[in-house]
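Colleague: Coordinates in entry-v7.txt, compact mmCIF, C-alpha atoms, are listed below.
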```
# COMPACT_ATOMS: atom_id res chain seq x y z
CA MET A 1 105.12 122.43 125.93
CA PRO A 2 104.56 118.80 126.90
CA SER A 3 107.49 116.90 128.24
CA ALA A 4 109.20 114.25 126.12
CA THR A 5 107.94 111.47 128.36
CA GLN A 6 104.23 112.15 128.12
CA ALA A 7 101.86 109.26 127.38
CA TYR A 8 99.71 109.44 124.29
CA ARG A 9 96.88 107.42 122.85
CA LYS A 10 96.08 106.52 119.24
CA LEU A 11 92.75 107.84 117.97
CA SER A 12 92.85 106.73 114.35
CA SER A 13 95.21 105.41 111.75
CA TRP A 14 95.24 104.54 108.07
CA HIS A 15 97.94 102.89 105.97
CA SER A 16 98.12 102.48 102.24
CA VAL A 17 100.96 100.53 100.63
CA PHE A 18 103.58 103.27 100.88
CA ASN A 19 101.90 106.09 102.79
CA GLY A 20 100.05 106.32 106.06
CA ALA A 21 98.63 108.66 108.63
CA ALA A 22 97.70 108.46 112.28
CA LEU A 23 96.29 110.69 114.95
CA PHE A 24 97.32 110.54 118.60
CA VAL A 25 96.19 112.54 121.58
CA ASP A 26 97.77 113.36 124.89
CA GLU A 27 96.71 115.62 127.72
CA HIS A 28 97.54 118.83 125.88
CA CYS A 29 97.59 118.25 122.17
CA LEU A 30 96.68 116.27 119.11
CA ILE A 31 99.60 114.71 117.29
CA SER A 32 99.00 114.29 113.58
CA VAL A 33 101.49 111.93 111.93
CA ARG A 34 101.93 111.45 108.19
CA SER A 35 104.28 108.87 106.81
CA SER A 36 105.62 108.81 103.31
CA GLY A 37 107.96 106.00 102.38
CA TYR A 38 110.39 105.61 105.25
CA GLU A 39 109.92 109.03 106.83
CA GLU A 40 107.17 110.31 109.01
CA HIS A 41 106.30 113.91 109.84
CA VAL A 42 104.68 114.97 113.06
CA LYS A 43 102.51 118.04 113.65
CA ARG A 44 101.20 119.02 117.06
CA LEU A 45 97.90 120.85 117.48
CA TYR A 46 97.22 122.11 120.98
CA LEU A 47 93.71 121.41 122.20
CA LYS A 48 93.34 124.97 123.49
CA ASP A 49 94.17 126.36 119.99
CA ILE A 50 91.62 124.35 118.02
CA LYS A 51 88.93 126.61 116.56
CA ALA A 52 86.95 124.16 114.43
CA ILE A 53 86.81 120.60 113.20
CA VAL A 54 85.17 120.33 109.80
CA VAL A 55 83.97 117.04 108.35
CA SER A 56 82.77 117.19 104.75
CA LYS A 57 81.59 114.58 102.27
CA SER A 58 84.21 113.62 99.75
CA HIS A 59 85.38 110.84 97.46
CA ARG A 60 88.17 108.69 98.86
CA PHE A 61 89.42 105.97 96.55
CA GLY A 62 92.53 105.00 98.52
CA VAL A 63 92.52 101.44 99.88
CA SER A 64 94.25 100.49 103.09
CA ARG A 65 96.86 97.74 103.08
CA TRP A 66 94.73 95.58 105.39
CA VAL A 67 91.82 95.69 102.95
CA ILE A 68 94.18 94.81 100.09
CA LEU A 69 95.58 91.90 102.12
CA ALA A 70 92.11 90.66 103.12
CA ALA A 71 90.85 90.84 99.52
CA PHE A 72 93.97 89.03 98.29
CA LEU A 73 93.60 86.26 100.89
CA LEU A 74 89.91 85.90 100.07
CA TRP A 75 90.75 85.68 96.37
CA VAL A 76 93.50 83.09 96.94
CA GLY A 77 91.27 81.14 99.35
CA ILE A 78 88.43 80.98 96.83
CA GLY A 79 90.95 80.01 94.15
CA PHE A 80 92.14 77.10 96.29
CA GLY A 81 88.64 76.17 97.32
CA SER A 82 87.33 76.22 93.75
CA ALA A 83 89.71 73.36 92.92
CA PHE A 84 87.62 71.20 95.24
CA SER A 85 84.19 72.78 95.00
CA PRO A 86 82.44 73.60 91.69
CA PHE A 87 80.09 75.89 93.63
CA LEU A 88 83.01 78.11 94.68
CA ALA A 89 84.50 78.00 91.18
CA GLY A 90 81.26 79.47 89.82
CA LEU A 91 81.32 82.26 92.41
CA HIS A 92 84.95 83.31 91.82
CA TRP A 93 84.31 86.24 89.47
CA GLU A 94 81.04 87.25 91.12
CA ILE A 95 82.83 87.72 94.44
CA ALA A 96 85.58 89.76 92.75
CA ALA A 97 82.94 91.97 91.11
CA LEU A 98 81.15 92.40 94.45
CA LEU A 99 84.41 93.45 96.13
CA VAL A 100 85.06 96.08 93.44
CA LEU A 101 81.47 97.36 93.71
CA ALA A 102 81.75 97.59 97.50
CA TRP A 103 84.99 99.54 97.13
CA LEU A 104 83.41 102.00 94.66
CA LEU A 105 80.30 102.41 96.79
CA ILE A 106 82.22 103.09 100.01
CA SER A 107 84.72 105.36 98.24
CA MET A 108 82.02 107.50 96.62
CA LYS A 109 79.10 107.40 99.03
CA ALA A 110 80.54 106.74 102.46
CA SER A 111 83.74 108.76 102.58
CA CYS A 112 84.67 112.08 104.07
CA ARG A 113 87.43 114.59 104.63
CA CYS A 114 88.26 115.90 108.09
CA ARG A 115 90.13 119.13 108.73
CA ILE A 116 91.16 120.81 111.95
CA TYR A 117 91.47 124.59 112.03
CA THR A 118 93.40 126.74 114.44
CA ALA A 119 93.63 130.53 114.25
CA VAL A 120 96.69 130.38 112.02
CA SER A 121 96.73 126.98 110.34
CA GLN A 122 94.75 123.99 109.18
CA GLU A 123 95.57 120.30 109.15
CA GLU A 124 93.82 117.64 107.12
CA LEU A 125 93.49 114.42 109.09
CA LEU A 126 94.29 111.79 106.48
CA SER A 127 93.57 108.98 108.90
CA VAL A 128 89.91 109.95 109.16
CA ARG A 129 88.31 108.88 105.89
CA ARG A 130 84.89 107.49 106.80
CA PRO A 131 81.91 109.16 108.55
CA TRP A 132 81.82 106.55 111.32
CA SER A 133 85.47 107.13 112.21
CA ALA A 134 84.85 110.91 112.10
CA ARG A 135 81.91 110.52 114.50
CA LYS A 136 84.04 108.42 116.85
CA LEU A 137 86.84 110.99 116.70
CA LEU A 138 84.48 113.88 117.47
CA ALA A 139 82.97 111.94 120.40
CA GLU A 140 86.45 111.44 121.84
CA LEU A 141 87.79 114.92 121.12
CA THR A 142 84.85 117.07 122.18
CA PRO A 143 85.24 116.45 125.94
CA LEU A 144 88.99 116.99 125.71
CA ILE A 145 88.62 120.29 123.86
CA GLU A 146 85.90 121.41 126.26
CA ALA A 147 88.19 120.56 129.14
CA ALA A 148 91.00 122.62 127.60
CA GLN A 149 88.93 125.60 126.39
CA GLY A 150 85.87 125.68 128.65
CA THR A 151 82.22 125.56 127.57
CA LEU A 152 79.56 128.12 126.72
CA PRO A 153 77.23 128.90 129.65
CA ASP A 154 73.50 128.13 129.52
CA GLY A 155 71.58 130.96 127.86
CA TRP A 156 74.59 132.34 126.00
CA GLN A 157 72.27 133.32 123.13
CA GLU A 158 70.66 135.99 125.36
CA SER A 159 74.06 137.50 126.02
CA VAL A 160 74.58 137.87 122.25
CA ALA A 161 71.21 139.65 121.89
CA ARG A 162 72.13 142.10 124.68
CA ASP A 163 75.64 142.57 123.27
CA HIS A 164 76.95 141.37 126.61
CA PRO A 165 80.32 139.58 126.74
CA ILE A 166 80.04 135.80 127.22
CA GLN A 167 82.10 134.25 129.97
CA LEU A 168 83.25 130.73 129.15
CA ILE A 169 82.89 128.19 131.93
CA PRO A 170 86.38 126.93 132.71
CA ALA A 171 86.60 123.15 132.88
CA PHE A 172 89.04 121.11 134.88
CA PRO A 173 91.35 119.05 132.73
CA LYS A 174 90.33 115.42 132.56
CA SER A 175 92.62 112.49 132.30
CA ASN A 176 92.44 110.31 129.18
CA GLU A 177 90.59 107.59 131.06
CA GLU A 178 87.94 110.01 132.35
CA SER A 179 87.40 111.50 128.92
CA ILE A 180 86.53 108.25 127.24
CA PRO A 181 82.84 108.78 126.45
CA ALA A 182 80.00 107.02 128.16
CA GLN A 183 79.45 104.92 125.04
CA ASP A 184 81.92 102.53 126.72
CA ALA A 185 79.06 101.10 128.75
CA ASN A 186 77.12 100.36 125.56
CA SER A 187 80.10 98.78 123.88
CA HIS A 188 80.59 96.49 126.91
CA ALA A 189 77.48 94.50 125.96
CA GLY A 190 78.73 94.30 122.37
CA ARG A 191 82.12 93.03 123.51
CA ILE A 192 80.56 90.38 125.71
CA ALA A 193 78.27 89.28 122.87
CA ALA A 194 81.17 89.06 120.39
CA SER A 195 83.33 87.06 122.81
CA GLY A 196 80.38 84.83 123.68
CA VAL A 197 79.68 83.98 120.04
CA LEU A 198 83.37 83.26 119.41
CA VAL A 199 83.76 81.04 122.48
CA ALA A 200 80.49 79.21 121.84
CA SER A 201 81.28 78.56 118.17
CA LEU A 202 84.79 77.35 119.00
CA LEU A 203 83.55 74.96 121.71
CA LEU A 204 80.75 73.74 119.42
CA ASP A 205 83.40 73.09 116.78
CA VAL A 206 85.41 71.07 119.33
CA VAL A 207 82.37 68.92 120.15
CA LEU A 208 81.32 68.40 116.51
CA THR A 209 84.84 67.66 115.23
CA SER A 210 85.51 65.22 118.11
CA TRP A 211 82.21 63.50 117.36
CA GLU A 212 83.09 63.37 113.65
CA LEU A 213 86.44 61.81 114.52
CA GLN A 214 84.60 58.90 116.16
CA ARG A 215 82.11 58.40 113.33
CA THR A 216 82.67 56.44 110.17
CA GLN A 217 80.41 58.67 108.08
CA PRO A 218 81.38 62.35 107.77
CA LEU A 219 78.99 65.12 108.76
CA PRO A 220 77.51 67.14 105.89
CA ASN A 221 80.05 69.63 104.52
CA TRP A 222 77.79 72.65 104.99
CA ILE A 223 77.84 72.23 108.79
CA GLY A 224 81.62 72.62 108.96
CA SER A 225 81.61 75.47 106.43
CA ALA A 226 78.84 77.37 108.24
CA LEU A 227 80.58 76.91 111.60
CA ALA A 228 83.92 78.09 110.18
CA LEU A 229 82.17 81.15 108.74
CA VAL A 230 80.57 81.95 112.11
CA GLU A 231 83.92 81.50 113.88
CA ALA A 232 85.74 83.78 111.43
CA ALA A 233 82.99 86.42 111.63
CA ALA A 234 83.01 86.23 115.45
CA ALA A 235 86.81 86.56 115.53
CA VAL A 236 86.61 89.70 113.35
CA TRP A 237 83.80 91.01 115.58
CA VAL A 238 85.93 90.44 118.71
CA LEU A 239 88.86 92.15 117.02
CA ILE A 240 86.78 95.23 116.18
CA GLN A 241 84.85 95.42 119.44
CA ASN A 242 87.95 95.20 121.61
CA ARG A 243 90.14 97.50 119.56
CA GLY A 244 91.78 99.91 121.98
CA VAL A 245 89.66 98.59 124.89
CA ASP A 246 90.79 95.08 125.77
CA VAL A 247 94.11 94.26 124.20
CA SER A 248 94.07 90.59 125.32
CA LEU A 249 90.75 89.80 123.65
CA GLN A 250 91.79 91.84 120.62
CA ARG A 251 94.90 89.69 120.25
CA LEU A 252 92.87 86.54 120.85
CA GLY A 253 90.51 87.52 118.01
CA GLY A 254 93.48 88.09 115.70
CA ALA A 255 95.16 84.84 116.72
CA ALA A 256 91.91 82.89 116.25
CA LEU A 257 91.54 84.37 112.79
CA VAL A 258 95.10 83.37 111.87
CA PHE A 259 94.52 79.89 113.33
CA LEU A 260 91.33 79.43 111.29
CA GLY A 261 93.12 80.60 108.14
CA LEU A 262 96.03 78.21 108.74
CA ALA A 263 93.58 75.38 109.48
CA PHE A 264 91.81 76.03 106.18
CA TYR A 265 95.03 76.04 104.16
CA GLY A 266 96.29 73.01 106.15
CA GLN A 267 93.18 71.04 105.27
CA VAL A 268 93.40 71.99 101.60
CA GLY A 269 97.13 71.15 101.55
CA ILE A 270 96.63 67.74 103.20
CA ALA A 271 93.84 66.87 100.76
CA ALA A 272 95.97 67.94 97.79
CA VAL A 273 99.01 65.93 98.94
CA ALA A 274 96.90 62.85 99.69
CA GLN A 275 95.25 63.03 96.26
CA THR A 276 98.59 63.32 94.45
CA GLN A 277 100.08 60.39 96.40
CA ALA A 278 97.06 58.11 95.89
CA LYS A 279 96.96 55.77 92.92
CA HIS A 280 93.27 56.54 92.31
CA PRO A 281 91.15 59.61 93.18
CA LEU A 282 90.30 59.42 96.90
CA GLN A 283 86.72 59.66 98.13
CA PRO A 284 86.00 61.96 101.12
CA ALA A 285 85.60 58.93 103.44
CA GLU A 286 89.00 57.54 102.35
CA LEU A 287 90.56 60.95 102.79
CA ARG A 288 89.19 61.16 106.33
CA ALA A 289 90.70 57.78 107.18
CA THR A 290 94.28 58.84 106.37
CA PRO A 291 96.51 59.19 109.47
CA VAL A 292 97.63 62.68 108.45
CA HIS A 293 94.04 63.88 108.31
CA ARG A 294 93.27 62.39 111.73
CA THR A 295 96.35 64.08 113.21
CA TYR A 296 95.27 67.34 111.58
CA LEU A 297 91.81 67.01 113.15
CA GLU A 298 93.30 66.30 116.57
CA ILE A 299 95.51 69.40 116.33
CA TYR A 300 92.52 71.43 115.12
CA ILE A 301 90.38 70.25 118.06
CA GLY A 302 93.20 71.11 120.50
CA GLY A 303 93.61 74.57 118.97
CA CYS A 304 89.88 75.33 119.10
CA LEU A 305 89.73 74.12 122.70
CA VAL A 306 92.66 76.30 123.77
CA PHE A 307 91.20 79.37 122.04
CA GLY A 308 87.75 78.67 123.48
CA ILE A 309 88.98 78.30 127.06
CA LEU A 310 91.28 81.29 126.74
CA GLY A 311 88.43 83.36 125.29
CA ALA A 312 86.11 82.40 128.15
CA PHE A 313 88.80 83.21 130.73
CA LEU A 314 89.68 86.59 129.20
CA THR A 315 86.02 87.55 128.85
CA LEU A 316 85.31 86.75 132.48
CA SER A 317 88.48 88.32 133.83
CA GLY A 318 87.66 91.85 132.54
CA PRO A 319 89.45 94.16 130.12
CA THR A 320 93.23 94.50 129.88
CA PRO A 321 93.86 98.14 128.87
CA GLN A 322 96.27 98.86 126.05
CA ARG A 323 99.70 99.93 127.24
CA GLN A 324 100.11 103.64 126.65
CA ARG A 325 103.10 104.56 124.60
CA VAL A 326 105.52 107.21 125.69
CA ALA A 327 106.98 109.76 123.30
CA GLY A 328 110.59 108.85 122.64
CA ASP A 329 110.03 105.09 122.89
CA MET B 1 115.68 125.36 121.34
CA ALA B 2 113.30 122.49 120.61
CA ALA B 3 114.93 121.92 117.21
CA GLY B 4 118.38 121.91 118.78
CA LEU B 5 117.32 119.53 121.53
CA ALA B 6 115.73 117.18 118.98
CA LYS B 7 118.91 117.21 116.91
CA VAL B 8 121.04 116.34 119.93
CA SER B 9 118.87 113.66 121.50
CA GLY B 10 116.73 112.48 118.60
CA ARG B 11 113.88 111.97 121.04
CA GLY B 12 110.48 113.32 121.82
CA LEU B 13 110.42 116.76 120.30
CA ALA B 14 111.56 115.91 116.76
CA SER B 15 109.03 116.76 114.04
CA SER B 16 110.13 113.95 111.74
CA ARG B 17 111.47 110.44 112.18
CA VAL B 18 112.96 107.82 109.90
CA ALA B 19 111.48 104.32 110.06
CA TYR B 20 114.70 102.31 110.21
CA ASP B 21 112.78 99.13 111.03
CA SER B 22 110.93 99.38 107.71
CA ILE B 23 114.20 100.05 105.89
CA ALA B 24 115.77 96.93 107.47
CA LEU B 25 112.75 94.80 106.59
CA THR B 26 112.73 96.06 103.00
CA ALA B 27 116.45 95.36 102.71
CA ALA B 28 115.77 91.80 103.86
CA VAL B 29 112.64 91.04 101.83
CA ALA B 30 112.70 93.04 98.58
CA PRO B 31 115.95 91.51 97.19
CA LEU B 32 114.37 88.04 97.41
CA LEU B 33 113.03 88.85 93.92
CA ILE B 34 116.63 88.68 92.67
CA PHE B 35 117.79 85.92 94.97
CA PRO B 36 121.60 85.99 94.49
CA ILE B 37 121.98 89.58 95.67
CA THR B 38 120.64 88.60 99.09
CA ILE B 39 124.24 87.57 99.92
CA LEU B 40 124.88 91.32 100.06
CA THR B 41 121.57 92.64 101.29
CA GLY B 42 121.08 90.03 104.05
CA PRO B 43 124.02 91.31 106.12
CA VAL B 44 122.99 94.89 105.36
CA ALA B 45 119.51 94.20 106.79
CA VAL B 46 120.99 92.62 109.92
CA PHE B 47 123.42 95.53 110.33
CA ILE B 48 120.68 98.15 109.99
CA ALA B 49 118.49 96.28 112.48
CA PHE B 50 121.21 96.10 115.14
CA ARG B 51 122.60 99.59 114.43
CA TYR B 52 119.24 101.34 114.83
CA TRP B 53 117.62 98.99 117.37
CA LYS B 54 117.74 101.61 120.14
CA ARG B 55 116.63 104.55 118.02
CA PRO B 56 113.09 105.77 118.72
CA LEU B 57 110.60 103.91 116.59
CA ALA B 58 108.36 105.68 114.13
CA LEU B 59 105.27 106.87 116.02
CA MET B 60 103.04 104.67 113.89
CA HIS B 61 105.03 101.53 114.68
CA ALA B 62 103.95 100.04 117.98
CA ASN B 63 106.80 97.56 118.45
CA ARG B 64 110.02 96.22 116.98
CA TRP B 65 108.70 93.21 115.08
CA ARG B 66 110.06 94.56 111.80
CA PHE B 67 113.58 94.63 113.25
CA VAL B 68 113.22 91.06 114.54
CA THR B 69 111.82 89.82 111.20
CA ALA B 70 114.57 91.62 109.28
CA ILE B 71 117.26 89.99 111.46
CA LEU B 72 115.74 86.52 111.06
CA ILE B 73 115.29 86.81 107.29
CA GLY B 74 118.74 88.40 106.87
CA LEU B 75 120.41 85.58 108.84
CA LEU B 76 118.45 82.95 106.88
CA GLU B 77 119.55 84.52 103.60
CA VAL B 78 123.20 84.63 104.63
CA GLY B 79 123.07 81.11 106.08
CA GLY B 80 121.21 79.65 103.11
CA LEU B 81 123.44 81.15 100.49
CA SER B 82 126.61 80.25 102.42
CA TRP B 83 125.40 76.66 102.67
CA LEU B 84 124.67 76.60 98.94
CA ILE B 85 128.14 77.92 98.09
CA VAL B 86 129.89 75.45 100.41
CA TYR B 87 127.73 72.61 99.06
CA ALA B 88 128.56 73.53 95.46
CA LEU B 89 132.30 73.77 96.23
CA LEU B 90 132.34 70.42 98.04
CA LYS B 91 130.45 68.77 95.19
CA ARG B 92 132.87 70.20 92.65
CA ALA B 93 135.84 69.01 94.74
CA ALA B 94 134.31 65.52 95.02
CA ALA B 95 133.70 65.41 91.26
CA ALA B 96 137.28 66.50 90.57
CA ALA B 97 138.65 63.79 92.92
```
Go through the file and emit its structure as structure tokens.
Modeller:
Amino acid sequence: MPSATQAYRKLSSWHSVFNGAALFVDEHCLISVRSSGYEEHVKRLYLKDIKAIVVSKSHRFGVSRWVILAAFLLWVGIGFGSAFSPFLAGLHWEIAALLVLAWLLISMKASCRCRIYTAVSQEELLSVRRPWSARKLLAELTPLIEAAQGTLPDGWQESVARDHPIQLIPAFPKSNEESIPAQDANSHAGRIAASGVLVASLLLDVVLTSWELQRTQPLPNWIGSALALVEAAAAVWVLIQNRGVDVSLQRLGGAALVFLGLAFYGQVGIAAVAQTQAKHPLQPAELRATPVHRTYLEIYIGGCLVFGILGAFLTLSGPTPQRQRVAGD
Amino acid sequence: MAAGLAKVSGRGLASSRVAYDSIALTAAVAPLLIFPITILTGPVAVFIAFRYWKRPLALMHANRWRFVTAILIGLLEVGGLSWLIVYALLKRAAAAA
């Protein structure tokens, strides 16, 4: 039995509004956690006892709380934006319909069920709901299970034909770090690319916004919107690429996303306040000339610069591994 | 033996855990829908947060941000409502005088 102070690593997790599930692994066993309301139940499955992992196609209509939050924020953002842009106002319901269609499509066509069987029990892994997360889980678990149980020797089929007993090749246990698959090398390029796009877009934003601050005429709106879209997409990309690999860049991606969201709502709020205080409807050029808007732009430039420099530094300084948790923490 | 050890220490080997941080946060946030009762639930949230701060967290909760948020919101609720009550009393006293 593992000691109470053993380190474990999260393999997958999923949270709905009230329920959730997660899967952890340590040197000896899988830890399947299910939460319901305020209580969570833990089941341990020893790697040496696992007989089969079965992934089957299935319908999964549950939505995670992060997806609900993202959809809600998108909806609210478009609602705010549509007050200022007729183009967005026209797209409001189309985007909602697209979100519902995407949910139905993923739930019906790209969902699965994953079960783990031992000789005496089975456990459904509720945190594994999509084929890509199942593939990732299998890639991580296979070396660990092989290390715990051994592997079949080459030519084992001949032994079956001759009714000769098959001797499993014992494997030396690997540490968690060693068992991380070789796909890490491939993902390194992806992580660098994601960080590069984020840093470049942030620094480009600094240059463009500073230039705009000096000009009397504003730049076309689509430039700022396109750049903001690239920055947000790059921040999400950084967040995904560095999940469980480089915790510093992962946090930077999250913080950049929050910063961009706050900047968007700040800009909308400033415009709304300025319009209500003005005696006549303000033109974009008049709005840009207000001191509050200039201060907002200066803060925005400073924020982008800090995130850009920090992103470049963290990318160049190499990954910061996630701190392993210890049972009993 | 494992069950007994878990019962005594509440650590490591237990097969279930209670997420006290989520309870504290709910106690702080949910009653905001019926604002006046936060005078009761605010202190309860702060109490739960401090009382169970050292208990092992739920495995799915990586850190104690829910406890911290519950304490902050609970204190704000208590402070805000106390200020409102004092303000109303002082205003009534000034009107009477």
Colleague: Give me the residues within 9 Å of stretch 64-69 of chain B as a PyMOL selection string, counting only C-alpha atoms and dropping any in the same chain fewer than 2 places off.
Modeller: chain B and resi 20-22+24-25+28+45-46+48-50+52-53+57+61-62+71-74
Colleague: Taking all atoms listed in the file into account, name the residue in B:Pro43, B:Val78, B:Leu59, B:Ala94 that is nearest to chain A.
Modeller: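 With all atoms listed in the file as the atom set, the closest residue is B:Leu59.
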Colleague: Check the smallest atom-to-atom distance from each of A:Glu94, A:Glu40, A:Glu231, A:Asp26 to chain B using all atoms listed in the file, then report the winner.
Modeller: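 With all atoms listed in the file as the atom set, the closest residue is A:Glu40.
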Colleague: Between B:Pro31, B:Lys54, B:Thr41, B:Gly79, which is the closest to chain A once you count all atoms listed in the file?
Modeller: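 Using all atoms listed in the file, chain A sits closest to B:Lys54.
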Colleague: Using all atoms listed in the file, determine which residues lie at most 7 Å from stretch 31-36 of chain A, disregarding the query and same-chain residues fewer than 6 positions distant; provide the list as a PyMOL selection string.
Modeller: chain A and resi 18-25+42-45
Colleague: Pick out the residues sitting within 7 Å of stretch 197-211 of chain A, and hand them over as a compact mmCIF listing (two decimals) with C-alpha atoms, in the frame of the given file; count only C-alpha atoms, and ignore anything fewer than 3 positions along from it in its own chain.
Modeller:
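Okay, this is what ended up in around_6.txt:
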```txt
# COMPACT_ATOMS: atom_id res chain seq x y z
CA ALA A 193 78.27 89.28 122.87
CA ALA A 194 81.17 89.06 120.39
CA GLN A 214 84.60 58.90 116.16
CA ARG A 215 82.11 58.40 113.33
CA LEU A 227 80.58 76.91 111.60
CA VAL A 230 80.57 81.95 112.11
CA GLU A 231 83.92 81.50 113.88
CA ALA A 234 83.01 86.23 115.45
CA ALA A 235 86.81 86.56 115.53
CA ILE A 301 90.38 70.25 118.06
CA CYS A 304 89.88 75.33 119.10
CA LEU A 305 89.73 74.12 122.70
CA GLY A 308 87.75 78.67 123.48
CA GLY A 311 88.43 83.36 125.29
CA ALA A 312 86.11 82.40 128.15
```
Colleague: Please, what distance in Å, to one decimal, runs between atom CA of A:Val292 and atom CA of A:Thr276?
Modeller: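 Value for the atom CA of A:Val292-atom CA of A:Thr276 distance: 14.0 Å.
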Colleague: Would you kindly return, as JSON, numbers by chain, each protein, DNA or RNA residue with an atom no farther than 10 Å from any atom of A:Leu99, considering all atoms listed in the file and excluding same-chain residues fewer than 6 positions away?
Modeller: {"A": [71, 93, 105]}
Colleague: So what do you get for atom CA of B:Ala30 versus atom CA of A:Trp14, distance-wise?
Modeller: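 Atom CA of A:Trp14 lies 23.0 Å from atom CA of B:Ala30.
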Colleague: Which residue is closest to chain B? Choose from A:Lys10, A:His41, A:Glu146, A:Val67 and count all atoms listed in the file.
Modeller: A:His41
Colleague: State, in Å with one decimal place, the distance from atom CA of A:Glu27 to atom CA of A:Ile145.
Modeller: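 If I compute the distance from atom CA of A:Glu27 to atom CA of A:Ile145, I get 10.1 Å.
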Colleague: Closest to chain A among B:Asn63, B:Leu75, B:Leu32, B:Ile37, using all atoms listed in the file?
Modeller: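 Among the listed residues, B:Asn63 lies closest to chain A.
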Colleague: Between A:Val54, A:Leu310, A:Cys114, A:Ala263, which is the closest to A:Ser133 once you count all atoms listed in the file?
Modeller: A:Cys114
Colleague: List the neighbours of A:Ala52 out to 8 Å using all atoms listed in the file; skip same-chain residues closer than 2 positions along the sequence, and give me the result as a list in words.
Modeller: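 The residues that qualify are Ile50, Val54, Ile116, Tyr117 and Thr118 of chain A.
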Colleague: Please dump the current selection as a PDB file, keeping the file's coordinate frame; keep C-alpha atoms.
Modeller:
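Output below, filename selection17.pdb:
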```pdb
ATOM      1  CA  ILE A  50      91.620 124.350 118.020  1.00  0.00           C
ATOM      2  CA  VAL A  54      85.170 120.330 109.800  1.00  0.00           C
ATOM      3  CA  ILE A 116      91.160 120.810 111.950  1.00  0.00           C
ATOM      4  CA  TYR A 117      91.470 124.590 112.030  1.00  0.00           C
ATOM      5  CA  THR A 118      93.400 126.740 114.440  1.00  0.00           C
TER       6      THR A 118
END
```
